[in-house]
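For reference, start_37.cif is printed below; it contains mmCIF, C-alpha atoms and all ligand atoms.
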data_input
#
loop_
_atom_site.group_PDB
_atom_site.id
_atom_site.type_symbol
_atom_site.label_atom_id
_atom_site.label_comp_id
_atom_site.auth_asym_id
_atom_site.auth_seq_id
_atom_site.Cartn_x
_atom_site.Cartn_y
_atom_site.Cartn_z
ATOM 1 C CA MET A 8 0.000 0.000 0.000
ATOM 2 C CA ILE A 9 1.311 3.469 -0.884
ATOM 3 C CA LYS A 10 1.546 5.680 2.168
ATOM 4 C CA LEU A 11 -0.242 9.028 2.245
ATOM 5 C CA GLY A 12 2.985 10.827 3.149
ATOM 6 C CA TYR A 13 4.583 9.533 -0.024
ATOM 7 C CA ILE A 14 1.650 10.761 -2.166
ATOM 8 C CA ALA A 15 1.675 14.176 -0.462
ATOM 9 C CA ASP A 16 5.422 14.399 -1.051
ATOM 10 C CA PHE A 17 4.977 13.468 -4.726
ATOM 11 C CA PHE A 18 2.402 16.225 -5.314
ATOM 12 C CA TYR A 19 4.417 18.747 -3.325
ATOM 13 C CA LYS A 20 7.389 18.109 -5.619
ATOM 14 C CA GLN A 21 5.178 18.503 -8.693
ATOM 15 C CA ILE A 22 3.983 21.903 -7.456
ATOM 16 C CA TYR A 23 7.297 23.002 -5.941
ATOM 17 C CA PRO A 24 10.074 21.313 -7.924
ATOM 18 C CA ASN A 25 13.624 21.689 -6.634
ATOM 19 C CA ARG A 26 15.302 24.896 -7.783
ATOM 20 C CA CYS A 27 18.812 26.313 -7.549
ATOM 21 C CA LEU A 28 19.083 28.404 -4.376
ATOM 22 C CA PHE A 29 20.785 31.235 -6.241
ATOM 23 C CA CYS A 30 19.267 31.449 -9.742
ATOM 24 C CA ARG A 31 16.026 29.395 -9.347
ATOM 25 C CA THR A 32 16.801 27.099 -12.314
ATOM 26 C CA LEU A 33 15.173 23.649 -12.015
ATOM 27 C CA ILE A 34 17.679 21.125 -10.644
ATOM 28 C CA ASP A 35 17.852 17.497 -9.441
ATOM 29 C CA GLU A 36 16.189 16.694 -6.136
ATOM 30 C CA ASP A 37 19.417 16.167 -4.176
ATOM 31 C CA LYS A 38 21.187 19.351 -5.343
ATOM 32 C CA VAL A 39 21.419 22.808 -3.746
ATOM 33 C CA LEU A 40 22.865 24.760 -6.685
ATOM 34 C CA CYS A 41 22.760 24.340 -10.470
ATOM 35 C CA ALA A 42 26.016 23.361 -12.194
ATOM 36 C CA SER A 43 26.648 26.936 -13.318
ATOM 37 C CA CYS A 44 26.185 28.532 -9.853
ATOM 38 C CA HIS A 45 28.155 25.702 -8.252
ATOM 39 C CA LYS A 46 31.071 26.514 -10.549
ATOM 40 C CA LYS A 47 30.838 30.315 -10.444
ATOM 41 C CA LEU A 48 29.958 30.651 -6.770
ATOM 42 C CA PRO A 49 31.900 28.085 -4.761
ATOM 43 C CA VAL A 50 31.783 28.195 -0.954
ATOM 44 C CA HIS A 51 34.582 30.656 -0.103
ATOM 45 C CA GLY A 52 35.292 30.061 3.575
ATOM 46 C CA VAL A 53 36.234 33.668 4.334
ATOM 47 C CA CYS A 54 37.724 33.873 7.832
ATOM 48 C CA GLN A 55 37.692 36.996 9.947
ATOM 49 C CA GLY A 56 37.475 38.005 13.595
ATOM 50 C CA THR A 57 34.443 39.274 15.451
ATOM 51 C CA ARG A 58 34.678 42.170 17.871
ATOM 52 C CA GLY A 59 36.535 40.670 20.794
ATOM 53 C CA GLY A 60 38.612 38.445 18.496
ATOM 54 C CA TYR A 61 36.485 35.321 18.079
ATOM 55 C CA ARG A 62 37.020 33.424 14.861
ATOM 56 C CA CYS A 63 34.257 33.582 12.264
ATOM 57 C CA SER A 64 34.025 31.850 8.903
ATOM 58 C CA ALA A 65 31.547 32.911 6.217
ATOM 59 C CA ALA A 66 30.549 30.785 3.229
ATOM 60 C CA PHE A 67 30.188 33.704 0.770
ATOM 61 C CA ILE A 68 30.919 37.388 0.246
ATOM 62 C CA TYR A 69 27.951 39.765 0.617
ATOM 63 C CA HIS A 70 27.458 40.212 -3.101
ATOM 64 C CA GLY A 71 25.395 39.148 -6.116
ATOM 65 C CA LYS A 72 23.246 36.013 -6.068
ATOM 66 C CA PRO A 73 24.194 34.741 -2.584
ATOM 67 C CA LYS A 74 23.354 38.172 -1.141
ATOM 68 C CA HIS A 75 20.041 38.290 -3.018
ATOM 69 C CA ALA A 76 19.088 34.785 -1.795
ATOM 70 C CA VAL A 77 19.945 35.602 1.844
ATOM 71 C CA LEU A 78 17.863 38.788 1.743
ATOM 72 C CA ARG A 79 14.876 36.802 0.413
ATOM 73 C CA PHE A 80 15.421 34.207 3.141
ATOM 74 C CA LYS A 81 15.645 36.899 5.829
ATOM 75 C CA PHE A 82 13.062 39.457 4.769
ATOM 76 C CA LYS A 83 10.686 37.786 2.287
ATOM 77 C CA GLY A 84 9.550 34.774 4.282
ATOM 78 C CA LYS A 85 11.556 32.205 2.294
ATOM 79 C CA THR A 86 12.061 29.908 5.274
ATOM 80 C CA SER A 87 12.384 26.915 2.959
ATOM 81 C CA PHE A 88 15.847 28.276 2.010
ATOM 82 C CA ALA A 89 17.185 27.362 5.481
ATOM 83 C CA GLU A 90 17.798 23.702 4.640
ATOM 84 C CA LYS A 91 19.812 24.521 1.512
ATOM 85 C CA PHE A 92 21.810 27.297 3.125
ATOM 86 C CA ALA A 93 22.596 24.890 5.970
ATOM 87 C CA GLN A 94 24.060 22.426 3.454
ATOM 88 C CA LEU A 95 26.384 25.156 2.168
ATOM 89 C CA LEU A 96 27.266 26.138 5.742
ATOM 90 C CA ALA A 97 28.041 22.487 6.538
ATOM 91 C CA THR A 98 30.558 22.436 3.676
ATOM 92 C CA ASP A 99 32.245 25.522 5.080
ATOM 93 C CA VAL A 100 32.206 24.332 8.709
ATOM 94 C CA LYS A 101 33.824 21.012 7.755
ATOM 95 C CA ARG A 102 36.568 22.831 5.867
ATOM 96 C CA SER A 103 37.156 25.907 8.038
ATOM 97 C CA TYR A 104 36.950 24.055 11.352
ATOM 98 C CA GLU A 105 38.229 20.649 10.279
ATOM 99 C CA ASP A 106 40.366 20.160 13.419
ATOM 100 C CA MET A 107 37.656 21.208 15.845
ATOM 101 C CA ILE A 108 34.885 19.311 17.553
ATOM 102 C CA PHE A 109 31.883 21.331 18.640
ATOM 103 C CA ASP A 110 29.661 20.187 21.510
ATOM 104 C CA TYR A 111 26.840 22.533 20.559
ATOM 105 C CA ILE A 112 25.537 24.661 17.750
ATOM 106 C CA THR A 113 23.697 27.792 18.830
ATOM 107 C CA TYR A 114 22.456 30.979 17.183
ATOM 108 C CA VAL A 115 22.109 34.740 17.563
ATOM 109 C CA PRO A 116 18.741 35.263 19.252
ATOM 110 C CA MET A 117 16.078 37.804 18.311
ATOM 111 C CA HIS A 118 13.987 39.740 20.780
ATOM 112 C CA LYS A 119 10.541 38.135 21.083
ATOM 113 C CA LYS A 120 8.835 41.233 19.586
ATOM 114 C CA ALA A 121 11.114 41.199 16.523
ATOM 115 C CA LYS A 122 10.660 37.438 16.093
ATOM 116 C CA LYS A 123 6.890 37.772 16.308
ATOM 117 C CA LYS A 124 6.935 40.518 13.663
ATOM 118 C CA ARG A 125 9.092 38.500 11.218
ATOM 119 C CA GLY A 126 7.515 35.190 12.162
ATOM 120 C CA TYR A 127 10.851 33.400 12.520
ATOM 121 C CA ASN A 128 14.495 33.826 13.452
ATOM 122 C CA GLN A 129 16.494 33.007 10.311
ATOM 123 C CA SER A 130 19.647 32.220 12.325
ATOM 124 C CA GLU A 131 17.728 29.761 14.499
ATOM 125 C CA LEU A 132 16.349 28.009 11.393
ATOM 126 C CA LEU A 133 19.875 27.757 9.943
ATOM 127 C CA ALA A 134 21.312 26.417 13.216
ATOM 128 C CA LYS A 135 18.606 23.755 13.512
ATOM 129 C CA GLU A 136 19.106 22.548 9.942
ATOM 130 C CA LEU A 137 22.903 22.580 10.333
ATOM 131 C CA SER A 138 22.521 20.594 13.552
ATOM 132 C CA LYS A 139 20.684 17.822 11.644
ATOM 133 C CA ILE A 140 23.332 17.678 8.927
ATOM 134 C CA LEU A 141 26.377 17.691 11.235
ATOM 135 C CA GLY A 142 24.808 15.621 14.032
ATOM 136 C CA ILE A 143 25.687 18.272 16.654
ATOM 137 C CA PRO A 144 22.906 19.293 19.084
ATOM 138 C CA CYS A 145 21.422 22.746 18.580
ATOM 139 C CA VAL A 146 20.711 24.510 21.861
ATOM 140 C CA GLU A 147 19.310 27.908 22.774
ATOM 141 C CA THR A 148 22.128 29.416 24.842
ATOM 142 C CA LEU A 149 21.140 33.095 24.711
ATOM 143 C CA THR A 150 18.020 35.230 24.850
ATOM 144 C CA LYS A 151 17.751 38.849 23.768
ATOM 145 C CA ILE A 152 16.204 40.750 26.615
ATOM 146 C CA LYS A 153 16.003 44.226 25.051
ATOM 147 C CA HIS A 154 14.439 45.340 21.796
ATOM 148 C CA THR A 155 17.085 47.251 19.794
ATOM 149 C CA LYS A 156 17.386 49.243 16.565
ATOM 150 C CA PRO A 157 18.551 47.188 13.524
ATOM 151 C CA GLN A 158 22.378 47.116 13.572
ATOM 152 C CA HIS A 159 22.761 47.833 9.849
ATOM 153 C CA LYS A 160 21.105 51.243 10.308
ATOM 154 C CA LEU A 161 23.726 52.368 12.842
ATOM 155 C CA LYS A 162 27.278 53.706 12.634
ATOM 156 C CA SER A 163 30.125 51.589 13.992
ATOM 157 C CA LYS A 164 30.351 53.250 17.433
ATOM 158 C CA GLU A 165 26.593 53.184 17.912
ATOM 159 C CA ARG A 166 26.440 49.455 17.117
ATOM 160 C CA LEU A 167 28.335 48.475 20.245
ATOM 161 C CA LYS A 168 26.313 50.790 22.471
ATOM 162 C CA ASN A 169 23.071 49.508 20.934
ATOM 163 C CA LEU A 170 23.854 45.901 21.937
ATOM 164 C CA LYS A 171 25.478 46.410 25.317
ATOM 165 C CA GLY A 172 23.935 44.027 27.833
ATOM 166 C CA VAL A 173 21.069 42.938 25.568
ATOM 167 C CA PHE A 174 21.893 39.208 25.603
ATOM 168 C CA LYS A 175 21.413 36.889 28.543
ATOM 169 C CA ILE A 176 22.643 33.313 29.061
ATOM 170 C CA THR A 177 19.861 30.726 29.358
ATOM 171 C CA ASP A 178 21.782 28.165 31.431
ATOM 172 C CA LYS A 179 25.402 28.629 32.572
ATOM 173 C CA ASN A 180 25.857 24.930 33.396
ATOM 174 C CA LEU A 181 25.003 24.016 29.832
ATOM 175 C CA ILE A 182 27.873 26.104 28.455
ATOM 176 C CA LYS A 183 30.644 25.513 30.998
ATOM 177 C CA ASP A 184 33.656 23.695 29.420
ATOM 178 C CA LYS A 185 31.788 23.161 26.140
ATOM 179 C CA SER A 186 32.914 24.134 22.625
ATOM 180 C CA ILE A 187 30.276 26.213 20.886
ATOM 181 C CA LEU A 188 29.613 27.295 17.311
ATOM 182 C CA ILE A 189 27.396 30.388 16.994
ATOM 183 C CA ILE A 190 25.383 30.762 13.775
ATOM 184 C CA ASP A 191 24.224 34.010 12.178
ATOM 185 C CA ASP A 192 23.161 34.933 8.660
ATOM 186 C CA ILE A 193 25.518 37.880 7.982
ATOM 187 C CA ILE A 194 28.648 39.264 9.636
ATOM 188 C CA THR A 195 29.436 42.934 9.013
ATOM 189 C CA THR A 196 31.520 44.594 11.732
ATOM 190 C CA GLY A 197 31.268 41.504 13.968
ATOM 191 C CA THR A 198 29.680 43.495 16.781
ATOM 192 C CA THR A 199 26.594 41.282 17.215
ATOM 193 C CA LEU A 200 28.494 37.978 17.179
ATOM 194 C CA GLY A 201 31.194 39.530 19.383
ATOM 195 C CA GLU A 202 28.615 40.583 21.954
ATOM 196 C CA CYS A 203 27.001 37.102 21.881
ATOM 197 C CA ALA A 204 30.420 35.463 22.357
ATOM 198 C CA LYS A 205 31.354 37.875 25.136
ATOM 199 C CA THR A 206 28.117 37.058 26.960
ATOM 200 C CA LEU A 207 28.647 33.294 26.564
ATOM 201 C CA GLN A 208 32.255 33.671 27.755
ATOM 202 C CA LYS A 209 30.954 34.501 31.237
ATOM 203 C CA ALA A 210 29.919 30.844 31.571
ATOM 204 C CA THR A 211 33.519 29.706 30.740
ATOM 205 C CA PRO A 212 33.058 27.561 27.621
ATOM 206 C CA SER A 213 36.198 25.830 26.304
ATOM 207 C CA LEU A 214 35.868 27.411 22.825
ATOM 208 C CA ILE A 215 33.636 29.797 20.892
ATOM 209 C CA CYS A 216 33.666 30.092 17.086
ATOM 210 C CA CYS A 217 31.193 31.626 14.662
ATOM 211 C CA GLU A 218 29.774 30.749 11.252
ATOM 212 C CA THR A 219 27.700 32.869 8.870
ATOM 213 C CA ILE A 220 26.417 32.592 5.310
ATOM 214 C CA LEU A 221 27.707 36.015 4.244
ATOM 215 C CA THR A 222 30.419 38.462 5.178
ATOM 216 C CA THR A 223 30.742 42.072 4.088
ATOM 217 C CA ALA A 224 34.545 41.814 4.492
ATOM 218 C CA ARG A 225 36.361 42.152 1.190
ATOM 219 C CA LEU A 226 38.650 39.519 -0.208
ATOM 220 C CA TYR A 227 42.292 40.648 -0.404
HETATM 221 ZN ZN ZN B 1 21.971 28.472 -10.262
#
What is this file in structure tokens?
Ligand SMILES: [Zn+2]
Amino acid sequence: MIKLGYIADFFYKQIYPNRCLFCRTLIDEDKVLCASCHKKLPVHGVCQGTRGGYRCSAAFIYHGKPKHAVLRFKFKGKTSFAEKFAQLLATDVKRSYEDMIFDYITYVPMHKKAKKKRGYNQSELLAKELSKILGIPCVETLTKIKHTKPQHKLKSKERLKNLKGVFKITDKNLIKDKSILIIDDIITTGTTLGECAKTLQKATPSLICCETILTTARLY
């Protein structure tokens, strides 16, 4: 007997066939990118430091098709992109952090008002999908206790002030002596990830690293 789930899945794929994450060309079911995007836009693995000096790797530069896809994922409700972005992040994590073992994956939290307005936290979705792929538990380690202005609308000095003391650790015992990978969608000045790492540091983890889809840092 054919199961209902199988039939539903079949029709879903007829209505929403698999498309390239970057250019929306129809592609095979198990692929993330079309052959052309895969060749032209390989995962870069751009390493930089956050504020406070924590290591961060980004899969792509904030430019062109990857940028356009992330903005749709973040602002246009394209939550289905999370699974595919997580596959690209997994490629970068395996390469950029090949000697490291992470106990937990976590993510930059949103204030509950901001999350309610958007309907989802894109970094949380990414972290949960990445967790499934890498087999590393995803845990909520931080909450955002103050509603703040969007960081990208502020100047560099204001960014730090805007985030001071806005994150709170959920459970110190969870973090103590653990190695943690923090996920976010975009790193710009590294202020947000730096503030998250600084807050987590109070619970004395053994290691904190960060991973994002995009970075605004230029390639030299
Ligand atoms: Zn493509």
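When atom CA of A:Ile176 is paired with atom CA of A:Tyr69, their separation reads 29.6 Å.
Take the candidates A:Leu33, A:Leu181, A:Leu200, A:Ile190 and check each one against A:Gln21 using all atoms listed in the file; the shortest distance goes to A:Leu33.
Residues in contact with A:Tyr61 at up to 12 Å, not including ones fewer than 5 positions away on its chain and judged by all atoms listed in the file, are Cys54, Gln55, Gly56, Ile187, Leu188, Ile189, Gly197, Thr198, Thr199, Leu200, Gly201, Glu202, Cys203, Ala204, Lys205, Leu207, Gln208, Leu214, Ile215, Cys216, Cys217 and Glu218 of chain A.
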Selection file, C-alpha atoms, as an mmCIF file, keeping the file's coordinate frame:
data_model
loop_
_atom_site.group_PDB
_atom_site.id
_atom_site.type_symbol
_atom_site.label_atom_id
_atom_site.label_comp_id
_atom_site.auth_asym_id
_atom_site.auth_seq_id
_atom_site.Cartn_x
_atom_site.Cartn_y
_atom_site.Cartn_z
ATOM 1 C CA CYS A 54 37.724 33.873 7.832
ATOM 2 C CA GLN A 55 37.692 36.996 9.947
ATOM 3 C CA GLY A 56 37.475 38.005 13.595
ATOM 4 C CA ILE A 187 30.276 26.213 20.886
ATOM 5 C CA LEU A 188 29.613 27.295 17.311
ATOM 6 C CA ILE A 189 27.396 30.388 16.994
ATOM 7 C CA GLY A 197 31.268 41.504 13.968
ATOM 8 C CA THR A 198 29.680 43.495 16.781
ATOM 9 C CA THR A 199 26.594 41.282 17.215
ATOM 10 C CA LEU A 200 28.494 37.978 17.179
ATOM 11 C CA GLY A 201 31.194 39.530 19.383
ATOM 12 C CA GLU A 202 28.615 40.583 21.954
ATOM 13 C CA CYS A 203 27.001 37.102 21.881
ATOM 14 C CA ALA A 204 30.420 35.463 22.357
ATOM 15 C CA LYS A 205 31.354 37.875 25.136
ATOM 16 C CA LEU A 207 28.647 33.294 26.564
ATOM 17 C CA GLN A 208 32.255 33.671 27.755
ATOM 18 C CA LEU A 214 35.868 27.411 22.825
ATOM 19 C CA ILE A 215 33.636 29.797 20.892
ATOM 20 C CA CYS A 216 33.666 30.092 17.086
ATOM 21 C CA CYS A 217 31.193 31.626 14.662
ATOM 22 C CA GLU A 218 29.774 30.749 11.252
#
(Q) List as number ranges by chain the protein and nucleic acid residues lying within 6 Å of ligand ZN 1 (chain B), with all atoms listed in the file counted. (A) A: 27, 29-30, 32, 40-41, 43-44
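Closest approach to A:Asp184 among A:Lys209, A:Lys168, A:His45, A:Lys123: A:Lys209, based on all atoms listed in the file.
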Q. Nearest to A:Lys124 among A:Leu167, A:Asp37, A:Gly71, A:Gly84, with distances taken over only C-alpha atoms: which residue is it?
A. A:Gly84
Q | Output of the PyMOL selection byres (((chain A and resi 105-108) around 12) and not hetatm), listed as a list in words | A | Gly52, Ala97, Thr98, Asp99, Val100, Lys101, Arg102, Ser103, Tyr104, Phe109, Asp110, Tyr111, Ile112, Leu141, Gly142, Ile143, Lys185, Ser186, Ile187, Leu188, Ser213, Leu214, Ile215 and Cys216 of chain A
Write out, as an mmCIF file, in the coordinates of the input, the residues just selected, with C-alpha atoms.
data_model
loop_
_atom_site.group_PDB
_atom_site.id
_atom_site.type_symbol
_atom_site.label_atom_id
_atom_site.label_comp_id
_atom_site.auth_asym_id
_atom_site.auth_seq_id
_atom_site.Cartn_x
_atom_site.Cartn_y
_atom_site.Cartn_z
ATOM 1 C CA GLY A 52 35.292 30.061 3.575
ATOM 2 C CA ALA A 97 28.041 22.487 6.538
ATOM 3 C CA THR A 98 30.558 22.436 3.676
ATOM 4 C CA ASP A 99 32.245 25.522 5.080
ATOM 5 C CA VAL A 100 32.206 24.332 8.709
ATOM 6 C CA LYS A 101 33.824 21.012 7.755
ATOM 7 C CA ARG A 102 36.568 22.831 5.867
ATOM 8 C CA SER A 103 37.156 25.907 8.038
ATOM 9 C CA TYR A 104 36.950 24.055 11.352
ATOM 10 C CA PHE A 109 31.883 21.331 18.640
ATOM 11 C CA ASP A 110 29.661 20.187 21.510
ATOM 12 C CA TYR A 111 26.840 22.533 20.559
ATOM 13 C CA ILE A 112 25.537 24.661 17.750
ATOM 14 C CA LEU A 141 26.377 17.691 11.235
ATOM 15 C CA GLY A 142 24.808 15.621 14.032
ATOM 16 C CA ILE A 143 25.687 18.272 16.654
ATOM 17 C CA LYS A 185 31.788 23.161 26.140
ATOM 18 C CA SER A 186 32.914 24.134 22.625
ATOM 19 C CA ILE A 187 30.276 26.213 20.886
ATOM 20 C CA LEU A 188 29.613 27.295 17.311
ATOM 21 C CA SER A 213 36.198 25.830 26.304
ATOM 22 C CA LEU A 214 35.868 27.411 22.825
ATOM 23 C CA ILE A 215 33.636 29.797 20.892
ATOM 24 C CA CYS A 216 33.666 30.092 17.086
#
**Q.** Atom pair atom CA of A:Cys63 / atom CA of A:Leu96: separation (Å)
**A.** 12.1 Å
Q.
For a quick check of understanding, using all atoms listed in the file, which of A:His159, A:His75, A:Lys135, A:Lys153 has the smallest distance to A:His118?
A. A:Lys153
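Applied to this file, the PyMOL selection byres (((chain A and resi 132) around 10) and not hetatm) selects Thr86, Ser87, Phe88, Ala89, Glu90, Phe92, Ala93, Tyr114, Tyr127, Asn128, Gln129, Ser130, Glu131, Leu133, Ala134, Lys135, Glu136, Leu137, Ser138, Ile190 and Asp191 of chain A.
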Q: For the file shown, report as a list in words the outcome of the PyMOL selection byres (((chain A and resi 172) around 9) and not hetatm) at residue level.
A: Ile152, Lys153, Lys168, Asn169, Leu170, Lys171, Val173, Phe174, Lys175, Glu202 and Thr206 of chain A
Expected file: the selected residues, C-alpha atoms, as a PDB file, in the coordinates of the input:
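Dumped to part14.pdb:
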ATOM      1  CA  ILE A 152      16.204  40.750  26.615  1.00  0.00           C
ATOM      2  CA  LYS A 153      16.003  44.226  25.051  1.00  0.00           C
ATOM      3  CA  LYS A 168      26.313  50.790  22.471  1.00  0.00           C
ATOM      4  CA  ASN A 169      23.071  49.508  20.934  1.00  0.00           C
ATOM      5  CA  LEU A 170      23.854  45.901  21.937  1.00  0.00           C
ATOM      6  CA  LYS A 171      25.478  46.410  25.317  1.00  0.00           C
ATOM      7  CA  VAL A 173      21.069  42.938  25.568  1.00  0.00           C
ATOM      8  CA  PHE A 174      21.893  39.208  25.603  1.00  0.00           C
ATOM      9  CA  LYS A 175      21.413  36.889  28.543  1.00  0.00           C
ATOM     10  CA  GLU A 202      28.615  40.583  21.954  1.00  0.00           C
ATOM     11  CA  THR A 206      28.117  37.058  26.960  1.00  0.00           C
TER      12      THR A 206
END
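Counting all atoms listed in the file, A:Val53 has the following residues at most 8 Å away, ignoring those fewer than 4 positions along the same chain: Ser64, Ala65, Ala66, Phe67, Ile68, Thr222 and Leu226 of chain A.
The spacing separating atom CA of A:Lys46 from atom CA of A:Lys139 amounts to 26.0 Å.
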Q) Between A:Lys10, A:Lys47, A:Glu36, A:Val77, which one has atoms that come closest to A:Tyr23, using only C-alpha atoms? A) A:Glu36
Since the input lacks some atoms of stretch 158-176 of chain A, please model N, CA and C atoms and print them as a tab-separated table (two decimals), keeping the file's coordinate frame.
chain	number	residue	atom	x	y	z
A	158	GLN	N	20.96	46.76	13.57
A	158	GLN	CA	22.38	47.12	13.57
A	158	GLN	C	22.83	47.79	12.27
A	159	HIS	N	22.27	47.31	11.13
A	159	HIS	CA	22.76	47.83	9.85
A	159	HIS	C	22.39	49.30	9.62
A	160	LYS	N	21.49	49.83	10.46
A	160	LYS	CA	21.10	51.24	10.31
A	160	LYS	C	21.96	52.16	11.18
A	161	LEU	N	22.93	51.57	11.91
A	161	LEU	CA	23.73	52.37	12.84
A	161	LEU	C	25.18	52.48	12.40
A	162	LYS	N	25.85	53.55	12.89
A	162	LYS	CA	27.28	53.71	12.63
A	162	LYS	C	28.04	52.79	13.58
A	163	SER	N	29.31	52.56	13.26
A	163	SER	CA	30.12	51.59	13.99
A	163	SER	C	30.10	51.76	15.52
A	164	LYS	N	30.30	53.01	15.99
A	164	LYS	CA	30.35	53.25	17.43
A	164	LYS	C	28.99	53.00	18.08
A	165	GLU	N	27.95	53.34	17.36
A	165	GLU	CA	26.59	53.18	17.91
A	165	GLU	C	26.20	51.72	18.02
A	166	ARG	N	26.79	50.88	17.15
A	166	ARG	CA	26.44	49.46	17.12
A	166	ARG	C	26.75	48.78	18.44
A	167	LEU	N	27.92	49.10	18.99
A	167	LEU	CA	28.34	48.48	20.24
A	167	LEU	C	27.43	48.92	21.39
A	168	LYS	N	27.16	50.22	21.42
A	168	LYS	CA	26.31	50.79	22.47
A	168	LYS	C	24.90	50.19	22.40
A	169	ASN	N	24.42	50.03	21.18
A	169	ASN	CA	23.07	49.51	20.93
A	169	ASN	C	22.88	48.09	21.50
A	170	LEU	N	23.97	47.31	21.53
A	170	LEU	CA	23.85	45.90	21.94
A	170	LEU	C	24.35	45.61	23.35
A	171	LYS	N	24.88	46.63	23.99
A	171	LYS	CA	25.48	46.41	25.32
A	171	LYS	C	24.46	45.82	26.31
A	172	GLY	N	24.78	44.65	26.81
A	172	GLY	CA	23.94	44.03	27.83
A	172	GLY	C	22.58	43.53	27.36
A	173	VAL	N	22.41	43.35	26.05
A	173	VAL	CA	21.07	42.94	25.57
A	173	VAL	C	20.89	41.42	25.54
A	174	PHE	N	22.00	40.68	25.63
A	174	PHE	CA	21.89	39.21	25.60
A	174	PHE	C	22.05	38.63	27.01
A	175	LYS	N	21.35	37.54	27.24
A	175	LYS	CA	21.41	36.89	28.54
A	175	LYS	C	21.57	35.38	28.35
A	176	ILE	N	22.43	34.77	29.15
A	176	ILE	CA	22.64	33.31	29.06
A	176	ILE	C	21.43	32.56	29.60
